[in-house]
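Heads up, upload.pdb below (PDB, C-alpha atoms):
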```
MODEL        1
ATOM      1  CA  MET C  13      28.156 157.449  10.870
ATOM      2  CA  THR C  14      25.009 156.978  12.946
ATOM      3  CA  LEU C  15      24.240 154.162  15.363
ATOM      4  CA  SER C  16      21.508 152.905  13.051
ATOM      5  CA  THR C  17      24.028 152.693  10.219
ATOM      6  CA  ILE C  18      26.424 150.704  12.386
ATOM      7  CA  ASN C  19      23.669 148.313  13.468
ATOM      8  CA  SER C  20      22.601 147.772   9.874
ATOM      9  CA  ASN C  21      25.951 146.274   8.915
ATOM     10  CA  PRO C  22      25.827 142.471   8.640
ATOM     11  CA  PRO C  23      27.723 140.644  11.392
ATOM     12  CA  SER C  24      31.200 139.453  10.530
ATOM     13  CA  ALA C  25      32.118 135.784  10.395
ATOM     14  CA  ALA C  26      33.925 136.157  13.733
ATOM     15  CA  GLU C  27      30.816 137.640  15.351
ATOM     16  CA  LEU C  28      28.658 134.807  13.993
ATOM     17  CA  HIS C  29      31.128 132.266  15.379
ATOM     18  CA  ILE C  30      31.006 133.930  18.804
ATOM     19  CA  GLN C  31      27.202 133.885  18.734
ATOM     20  CA  ALA C  32      27.243 130.208  17.778
ATOM     21  CA  VAL C  33      29.584 129.284  20.646
ATOM     22  CA  ARG C  34      27.544 131.266  23.171
ATOM     23  CA  GLY C  35      24.321 129.734  21.871
ATOM     24  CA  PHE C  36      25.738 126.230  22.195
ATOM     25  CA  ASN C  37      26.957 126.998  25.725
ATOM     26  CA  ARG C  38      23.474 128.140  26.741
ATOM     27  CA  PHE C  39      21.920 125.026  25.212
ATOM     28  CA  TYR C  40      24.356 122.546  26.732
ATOM     29  CA  THR C  41      24.485 123.997  30.233
ATOM     30  CA  ARG C  42      20.686 123.895  30.303
ATOM     31  CA  ARG C  43      20.634 120.373  28.854
ATOM     32  CA  ILE C  44      22.988 118.897  31.476
ATOM     33  CA  GLY C  45      21.383 120.721  34.381
ATOM     34  CA  VAL C  46      24.252 123.017  35.338
ATOM     35  CA  LEU C  47      21.783 125.834  36.068
ATOM     36  CA  ASP C  48      19.989 123.737  38.696
ATOM     37  CA  PRO C  49      21.442 122.703  42.088
ATOM     38  CA  TYR C  50      24.007 120.363  40.616
ATOM     39  CA  LEU C  51      22.937 116.708  40.750
ATOM     40  CA  GLY C  52      20.327 117.709  43.326
ATOM     41  CA  SER C  53      23.107 117.885  45.905
ATOM     42  CA  GLY C  54      22.841 121.402  47.254
ATOM     43  CA  LEU C  55      26.418 121.868  46.022
ATOM     44  CA  SER C  56      27.567 124.048  43.156
ATOM     45  CA  LEU C  57      29.098 122.568  40.026
ATOM     46  CA  THR C  58      32.511 123.810  41.175
ATOM     47  CA  GLU C  59      32.166 122.196  44.596
ATOM     48  CA  VAL C  60      31.196 118.868  43.040
ATOM     49  CA  ARG C  61      34.169 119.120  40.679
ATOM     50  CA  VAL C  62      36.553 119.712  43.597
ATOM     51  CA  LEU C  63      34.964 116.775  45.404
ATOM     52  CA  TYR C  64      35.504 114.646  42.279
ATOM     53  CA  GLU C  65      39.183 115.587  42.107
ATOM     54  CA  LEU C  66      39.677 114.752  45.776
ATOM     55  CA  ALA C  67      38.062 111.359  45.225
ATOM     56  CA  HIS C  68      40.234 110.515  42.219
ATOM     57  CA  ARG C  69      43.615 111.967  43.165
ATOM     58  CA  ASP C  70      46.233 110.705  45.567
ATOM     59  CA  GLN C  71      46.583 113.398  48.243
ATOM     60  CA  PRO C  72      46.674 116.573  46.131
ATOM     61  CA  THR C  73      47.426 119.988  47.606
ATOM     62  CA  ALA C  74      45.063 122.946  47.467
ATOM     63  CA  THR C  75      47.537 124.688  45.168
ATOM     64  CA  GLU C  76      47.452 121.792  42.717
ATOM     65  CA  LEU C  77      43.653 121.744  42.687
ATOM     66  CA  GLY C  78      43.419 125.474  42.099
ATOM     67  CA  HIS C  79      46.006 125.386  39.310
ATOM     68  CA  ASP C  80      44.548 122.404  37.474
ATOM     69  CA  LEU C  81      40.941 123.598  37.752
ATOM     70  CA  GLY C  82      41.736 127.246  37.023
ATOM     71  CA  LEU C  83      40.274 128.404  40.347
ATOM     72  CA  ASP C  84      41.243 131.275  42.615
ATOM     73  CA  ALA C  85      43.203 130.119  45.656
ATOM     74  CA  GLY C  86      40.834 131.854  48.046
ATOM     75  CA  TYR C  87      37.813 130.211  46.394
ATOM     76  CA  VAL C  88      39.410 126.771  46.691
ATOM     77  CA  SER C  89      40.239 127.464  50.327
ATOM     78  CA  ARG C  90      36.607 128.355  51.104
ATOM     79  CA  ILE C  91      35.352 125.173  49.422
ATOM     80  CA  LEU C  92      37.820 123.040  51.356
ATOM     81  CA  ARG C  93      36.863 124.668  54.654
ATOM     82  CA  ARG C  94      33.224 123.891  53.911
ATOM     83  CA  PHE C  95      34.143 120.257  53.268
ATOM     84  CA  GLU C  96      36.043 120.160  56.545
ATOM     85  CA  THR C  97      33.026 121.399  58.494
ATOM     86  CA  LYS C  98      31.079 118.461  57.029
ATOM     87  CA  ASN C  99      33.885 116.078  58.075
ATOM     88  CA  TRP C 100      34.481 115.222  54.397
ATOM     89  CA  LEU C 101      38.118 116.288  54.267
ATOM     90  CA  ALA C 102      41.310 115.329  56.098
ATOM     91  CA  ARG C 103      44.626 117.162  55.921
ATOM     92  CA  VAL C 104      48.132 115.945  56.681
ATOM     93  CA  PRO C 105      51.323 118.057  56.470
ATOM     94  CA  SER C 106      53.256 117.670  53.254
ATOM     95  CA  PRO C 107      56.717 116.158  53.861
ATOM     96  CA  ALA C 108      58.001 118.112  50.854
ATOM     97  CA  ASP C 109      56.667 121.533  51.901
ATOM     98  CA  ALA C 110      55.569 122.323  55.448
ATOM     99  CA  ARG C 111      53.458 125.205  54.124
ATOM    100  CA  GLN C 112      51.259 122.776  52.184
ATOM    101  CA  SER C 113      48.800 120.130  53.308
ATOM    102  CA  LEU C 114      48.017 116.890  51.551
ATOM    103  CA  LEU C 115      44.274 116.474  51.096
ATOM    104  CA  ALA C 116      42.150 113.351  51.146
ATOM    105  CA  LEU C 117      38.487 112.522  51.505
ATOM    106  CA  THR C 118      37.428 110.880  54.737
ATOM    107  CA  ASN C 119      35.149 107.862  54.711
ATOM    108  CA  VAL C 120      32.273 110.257  55.319
ATOM    109  CA  GLY C 121      33.397 112.312  52.334
ATOM    110  CA  ARG C 122      33.559 109.268  50.083
ATOM    111  CA  GLN C 123      30.090 108.224  51.214
ATOM    112  CA  ALA C 124      28.846 111.717  50.303
ATOM    113  CA  PHE C 125      30.543 111.595  46.893
ATOM    114  CA  ALA C 126      29.473 108.081  45.839
ATOM    115  CA  PRO C 127      25.774 108.872  45.142
ATOM    116  CA  LEU C 128      26.771 112.027  43.227
ATOM    117  CA  GLN C 129      29.057 110.028  40.984
ATOM    118  CA  GLN C 130      26.334 107.449  40.378
ATOM    119  CA  LYS C 131      23.766 110.140  39.620
ATOM    120  CA  SER C 132      26.163 111.785  37.181
ATOM    121  CA  ARG C 133      26.585 108.452  35.393
ATOM    122  CA  ASP C 134      22.825 107.911  35.374
ATOM    123  CA  GLU C 135      22.207 111.350  33.883
ATOM    124  CA  ALA C 136      24.824 110.767  31.181
ATOM    125  CA  ALA C 137      23.172 107.432  30.370
ATOM    126  CA  ALA C 138      19.764 109.141  30.183
ATOM    127  CA  LEU C 139      21.212 111.753  27.836
ATOM    128  CA  LEU C 140      22.457 109.028  25.484
ATOM    129  CA  ALA C 141      19.497 106.648  25.824
ATOM    130  CA  PRO C 142      17.240 108.205  23.142
ATOM    131  CA  LEU C 143      20.022 108.159  20.543
ATOM    132  CA  ALA C 144      20.580 105.415  18.017
ATOM    133  CA  ASP C 145      23.951 103.667  18.175
ATOM    134  CA  SER C 146      25.232 105.546  15.101
ATOM    135  CA  ASP C 147      24.141 108.872  16.598
ATOM    136  CA  ARG C 148      25.965 108.080  19.853
ATOM    137  CA  HIS C 149      29.162 107.467  17.916
ATOM    138  CA  GLN C 150      28.755 110.771  16.080
ATOM    139  CA  LEU C 151      28.109 112.627  19.344
ATOM    140  CA  ILE C 152      31.147 111.134  21.128
ATOM    141  CA  ASP C 153      33.352 111.769  18.088
ATOM    142  CA  ALA C 154      32.155 115.386  17.956
ATOM    143  CA  MET C 155      32.828 115.865  21.691
ATOM    144  CA  GLY C 156      36.311 114.446  21.313
ATOM    145  CA  ARG C 157      37.000 116.716  18.352
ATOM    146  CA  VAL C 158      35.857 119.798  20.294
ATOM    147  CA  GLN C 159      38.102 118.818  23.204
ATOM    148  CA  ARG C 160      41.122 118.230  20.978
ATOM    149  CA  LEU C 161      40.641 121.498  19.073
ATOM    150  CA  LEU C 162      40.211 123.651  22.172
ATOM    151  CA  ASP C 163      42.945 122.001  24.249
ATOM    152  CA  PRO C 164      45.352 120.089  21.993
ATOM    153  CA  ALA C 165      48.204 120.191  24.533
ATOM    154  CA  SER C 166      46.199 118.551  27.292
ATOM    155  CA  PRO C 167      46.509 114.758  27.702
ATOM    156  CA  LYS C 168      42.720 114.666  27.919
ATOM    157  CA  GLY C 169      42.529 116.717  24.754
ATOM    158  CA  GLN C 170      44.585 114.056  22.988
ATOM    159  CA  THR C 171      42.526 111.154  24.292
ATOM    160  CA  LEU C 172      40.511 109.234  21.729
ATOM    161  CA  VAL C 173      37.278 107.745  23.023
ATOM    162  CA  ALA C 174      36.502 104.187  21.960
ATOM    163  CA  LEU C 175      33.005 102.754  22.091
ATOM    164  CA  LEU C 176      32.538  99.005  22.404
ATOM    165  CA  ARG C 177      29.829  97.422  20.294
ATOM    166  CA  ASP C 178      28.293  93.998  20.769
ATOM    167  CA  PRO C 179      30.189  91.124  19.111
ATOM    168  CA  GLN C 180      29.158  90.535  15.504
ATOM    169  CA  PRO C 181      29.290  87.264  13.544
ATOM    170  CA  GLY C 182      32.902  86.570  12.635
ATOM    171  CA  ASP C 183      34.425  88.699  15.417
ATOM    172  CA  MET C 184      35.164  85.774  17.710
ATOM    173  CA  GLY C 185      36.694  83.833  14.864
ATOM    174  CA  ARG C 186      39.132  86.690  14.328
ATOM    175  CA  VAL C 187      39.940  86.714  18.050
ATOM    176  CA  ILE C 188      40.945  83.040  17.807
ATOM    177  CA  GLN C 189      42.872  83.618  14.595
ATOM    178  CA  GLN C 190      44.829  86.583  15.988
ATOM    179  CA  HIS C 191      45.738  84.688  19.161
ATOM    180  CA  GLY C 192      46.899  81.704  17.152
ATOM    181  CA  GLU C 193      49.031  83.752  14.761
ATOM    182  CA  ILE C 194      50.569  86.147  17.306
ATOM    183  CA  TYR C 195      51.505  83.529  19.905
ATOM    184  CA  ALA C 196      52.891  81.194  17.242
ATOM    185  CA  ARG C 197      55.015  84.003  15.823
ATOM    186  CA  GLU C 198      56.218  85.482  19.129
ATOM    187  CA  TYR C 199      56.420  82.389  21.361
ATOM    188  CA  GLY C 200      56.385  79.435  18.989
ATOM    189  CA  TRP C 201      53.202  77.993  20.494
ATOM    190  CA  ASN C 202      51.404  75.409  18.387
ATOM    191  CA  ALA C 203      47.784  74.668  17.512
ATOM    192  CA  GLU C 204      47.071  73.306  20.994
ATOM    193  CA  PHE C 205      47.075  76.886  22.302
ATOM    194  CA  GLU C 206      44.761  77.960  19.503
ATOM    195  CA  ALA C 207      42.404  75.127  20.496
ATOM    196  CA  LEU C 208      42.513  76.355  24.093
ATOM    197  CA  VAL C 209      41.581  79.879  22.970
ATOM    198  CA  ALA C 210      38.793  78.488  20.781
ATOM    199  CA  ASN C 211      37.345  76.641  23.773
ATOM    200  CA  ILE C 212      37.427  79.791  25.937
ATOM    201  CA  VAL C 213      35.811  81.835  23.165
ATOM    202  CA  ALA C 214      33.115  79.194  22.674
ATOM    203  CA  GLN C 215      32.246  79.355  26.365
ATOM    204  CA  PHE C 216      32.117  83.137  26.187
ATOM    205  CA  VAL C 217      29.725  83.076  23.215
ATOM    206  CA  ARG C 218      27.450  80.449  24.792
ATOM    207  CA  GLN C 219      27.340  82.217  28.172
ATOM    208  CA  HIS C 220      27.488  85.791  26.879
ATOM    209  CA  GLN C 221      25.575  88.265  29.038
ATOM    210  CA  PRO C 222      25.049  91.477  27.039
ATOM    211  CA  GLY C 223      24.154  93.419  30.182
ATOM    212  CA  TRP C 224      27.746  93.043  31.398
TER     213      TRP C 224
ENDMDL
END
```

Show me this structure written as structure tokens.
Amino acid sequence: MTLSTINSNPPSAAELHIQAVRGFNRFYTRRIGVLDPYLGSGLSLTEVRVLYELAHRDQPTATELGHDLGLDAGYVSRILRRFETKNWLARVPSPADARQSLLALTNVGRQAFAPLQQKSRDEAAALLAPLADSDRHQLIDAMGRVQRLLDPASPKGQTLVALLRDPQPGDMGRVIQQHGEIYAREYGWNAEFEALVANIVAQFVRQHQPGW
């Protein structure tokens, strides 16, 4: 069998699936700016991710970060040393294991991270802005489905994303009704409580600020 004969065979379904995944990866990494200096920070995507974890965890160890992010221990160590030279990172000995250090961002580190987090939010908002509300729901549902299919055992993979819409006519009436029924059933409260809820809801509707 010649090479030309092999190349003439149509690709299998598995090969087409692999091509589709790789094509989507190329599209999405370009779309979210992963190929550029990430968030215009001069940091790599991995460095920003480590910075994010440090900002949102309570004194993790380097071992925990490497394990959870799937990173080589030496790579994590180099990133952390770079953060230390910038005075972004503080270490304290772990009381449970003297060989480990507990990590935390310094005030300087948090000040460095804050604009990156805001820019990330702004870029996500810009990505969604051109989409109609129905398209946003479809996109978020599709992202959640991808996450659950690829990592069903992960708590994040099992998380369902809920999107809040603006109140529609009749919604607030149901809020009052549900409060009245549930609190009457569970606590024996009478219609005076329902009237209180109705007054609070009325104030909310009159003073509603969609921007918040």

| message | Show me, as a list of chain:residue names, the residues that have an atom within 10 Å of range 175-192 of chain C when counting only C-alpha atoms, minus same-chain residues fewer than 3 positions from it. | response |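 Answer for this query is C:Asp145, C:Arg148, C:His149, C:Ile152, C:Asp153, C:Leu172, C:Tyr195, C:Ala196, C:Arg197, C:Gly200, C:Trp201, C:Asn202, C:Ala203, C:Glu204, C:Phe205, C:Glu206, C:Ala207, C:Leu208, C:Val209, C:Ala210, C:Asn211, C:Ile212, C:Val213, C:Ala214, C:Phe216, C:Val217, C:His220, C:Pro222.
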
Would you save the residues of that selection, restricted to C-alpha atoms, as a CSV table (one decimal), in the coordinates of the input?
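As a result, out.csv now contains:
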```csv
chain,number,residue,atom,x,y,z
C,145,ASP,CA,24.0,103.7,18.2
C,148,ARG,CA,26.0,108.1,19.9
C,149,HIS,CA,29.2,107.5,17.9
C,152,ILE,CA,31.1,111.1,21.1
C,153,ASP,CA,33.4,111.8,18.1
C,172,LEU,CA,40.5,109.2,21.7
C,195,TYR,CA,51.5,83.5,19.9
C,196,ALA,CA,52.9,81.2,17.2
C,197,ARG,CA,55.0,84.0,15.8
C,200,GLY,CA,56.4,79.4,19.0
C,201,TRP,CA,53.2,78.0,20.5
C,202,ASN,CA,51.4,75.4,18.4
C,203,ALA,CA,47.8,74.7,17.5
C,204,GLU,CA,47.1,73.3,21.0
C,205,PHE,CA,47.1,76.9,22.3
C,206,GLU,CA,44.8,78.0,19.5
C,207,ALA,CA,42.4,75.1,20.5
C,208,LEU,CA,42.5,76.4,24.1
C,209,VAL,CA,41.6,79.9,23.0
C,210,ALA,CA,38.8,78.5,20.8
C,211,ASN,CA,37.3,76.6,23.8
C,212,ILE,CA,37.4,79.8,25.9
C,213,VAL,CA,35.8,81.8,23.2
C,214,ALA,CA,33.1,79.2,22.7
C,216,PHE,CA,32.1,83.1,26.2
C,217,VAL,CA,29.7,83.1,23.2
C,220,HIS,CA,27.5,85.8,26.9
C,222,PRO,CA,25.0,91.5,27.0
```

| message | Which residues, named as in the file, does the PyMOL selection byres ((chain C and resi 120-125) around 8) pick out? Answer as a VMD selection string. | response | chain C and resid 63 to 64 67 99 to 101 117 to 119 126 to 129

Got a sec to resolve the PyMOL selection byres ((chain C and resi 70-82) around 12) on this structure and send the residues as an mmCIF file with C-alpha atoms, in the frame of the given file?
```cif
data_model
loop_
_atom_site.group_PDB
_atom_site.id
_atom_site.type_symbol
_atom_site.label_atom_id
_atom_site.label_comp_id
_atom_site.auth_asym_id
_atom_site.auth_seq_id
_atom_site.Cartn_x
_atom_site.Cartn_y
_atom_site.Cartn_z
ATOM 1 C CA THR C 58 32.511 123.810 41.175
ATOM 2 C CA GLU C 59 32.166 122.196 44.596
ATOM 3 C CA ARG C 61 34.169 119.120 40.679
ATOM 4 C CA VAL C 62 36.553 119.712 43.597
ATOM 5 C CA LEU C 63 34.964 116.775 45.404
ATOM 6 C CA TYR C 64 35.504 114.646 42.279
ATOM 7 C CA GLU C 65 39.183 115.587 42.107
ATOM 8 C CA LEU C 66 39.677 114.752 45.776
ATOM 9 C CA ALA C 67 38.062 111.359 45.225
ATOM 10 C CA HIS C 68 40.234 110.515 42.219
ATOM 11 C CA ARG C 69 43.615 111.967 43.165
ATOM 12 C CA LEU C 83 40.274 128.404 40.347
ATOM 13 C CA ASP C 84 41.243 131.275 42.615
ATOM 14 C CA ALA C 85 43.203 130.119 45.656
ATOM 15 C CA GLY C 86 40.834 131.854 48.046
ATOM 16 C CA TYR C 87 37.813 130.211 46.394
ATOM 17 C CA VAL C 88 39.410 126.771 46.691
ATOM 18 C CA SER C 89 40.239 127.464 50.327
ATOM 19 C CA ARG C 90 36.607 128.355 51.104
ATOM 20 C CA ILE C 91 35.352 125.173 49.422
ATOM 21 C CA LEU C 92 37.820 123.040 51.356
ATOM 22 C CA ARG C 93 36.863 124.668 54.654
ATOM 23 C CA LEU C 101 38.118 116.288 54.267
ATOM 24 C CA ALA C 102 41.310 115.329 56.098
ATOM 25 C CA ARG C 103 44.626 117.162 55.921
ATOM 26 C CA VAL C 104 48.132 115.945 56.681
ATOM 27 C CA PRO C 105 51.323 118.057 56.470
ATOM 28 C CA SER C 106 53.256 117.670 53.254
ATOM 29 C CA PRO C 107 56.717 116.158 53.861
ATOM 30 C CA ALA C 108 58.001 118.112 50.854
ATOM 31 C CA ASP C 109 56.667 121.533 51.901
ATOM 32 C CA ALA C 110 55.569 122.323 55.448
ATOM 33 C CA ARG C 111 53.458 125.205 54.124
ATOM 34 C CA GLN C 112 51.259 122.776 52.184
ATOM 35 C CA SER C 113 48.800 120.130 53.308
ATOM 36 C CA LEU C 114 48.017 116.890 51.551
ATOM 37 C CA LEU C 115 44.274 116.474 51.096
ATOM 38 C CA ALA C 116 42.150 113.351 51.146
ATOM 39 C CA LEU C 117 38.487 112.522 51.505
ATOM 40 C CA THR C 118 37.428 110.880 54.737
ATOM 41 C CA SER C 166 46.199 118.551 27.292
#
```

| task | Figure out the distance between CA of Ser56 in chain C and CA of Ala138 in chain C, please, to one decimal in Å. | result | 21.2 Å

| task | Kindly give the distance, in Å, that separates CA of Leu51 in chain C and CA of Lys131 in chain C, rounded to a single decimal. | result |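 The value is 6.7 Å.
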
| task | Tell me, in Å to one decimal, how far CA of Ile44 in chain C is from CA of Ala136 in chain C. | result |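 Pair CA of Ile44 in chain C / CA of Ala136 in chain C returns 8.3 Å.
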
Kindly assemble as a Markdown table a list of the range 45-146 of chain C residues that lie within 10 Å of range 26-40 of chain C, each paired with its nearest atom pair and their distance in Å to one decimal, using only C-alpha atoms, sorted first by chain and then by ascending residue number.
```
| residue | atom | partner | partner_atom | distance |
| --- | --- | --- | --- | --- |
| C:Gly45 | CA | C:Tyr40 | CA | 8.4 |
| C:Val46 | CA | C:Tyr40 | CA | 8.6 |
| C:Leu47 | CA | C:Arg38 | CA | 9.8 |
```

Using C-alpha atoms, can you export the residues from the last selection as a PDB file, in the frame of the given file?
```
ATOM      1  CA  GLY C  45      21.383 120.721  34.381  1.00  0.00           C
ATOM      2  CA  VAL C  46      24.252 123.017  35.338  1.00  0.00           C
ATOM      3  CA  LEU C  47      21.783 125.834  36.068  1.00  0.00           C
TER       4      LEU C  47
END
```
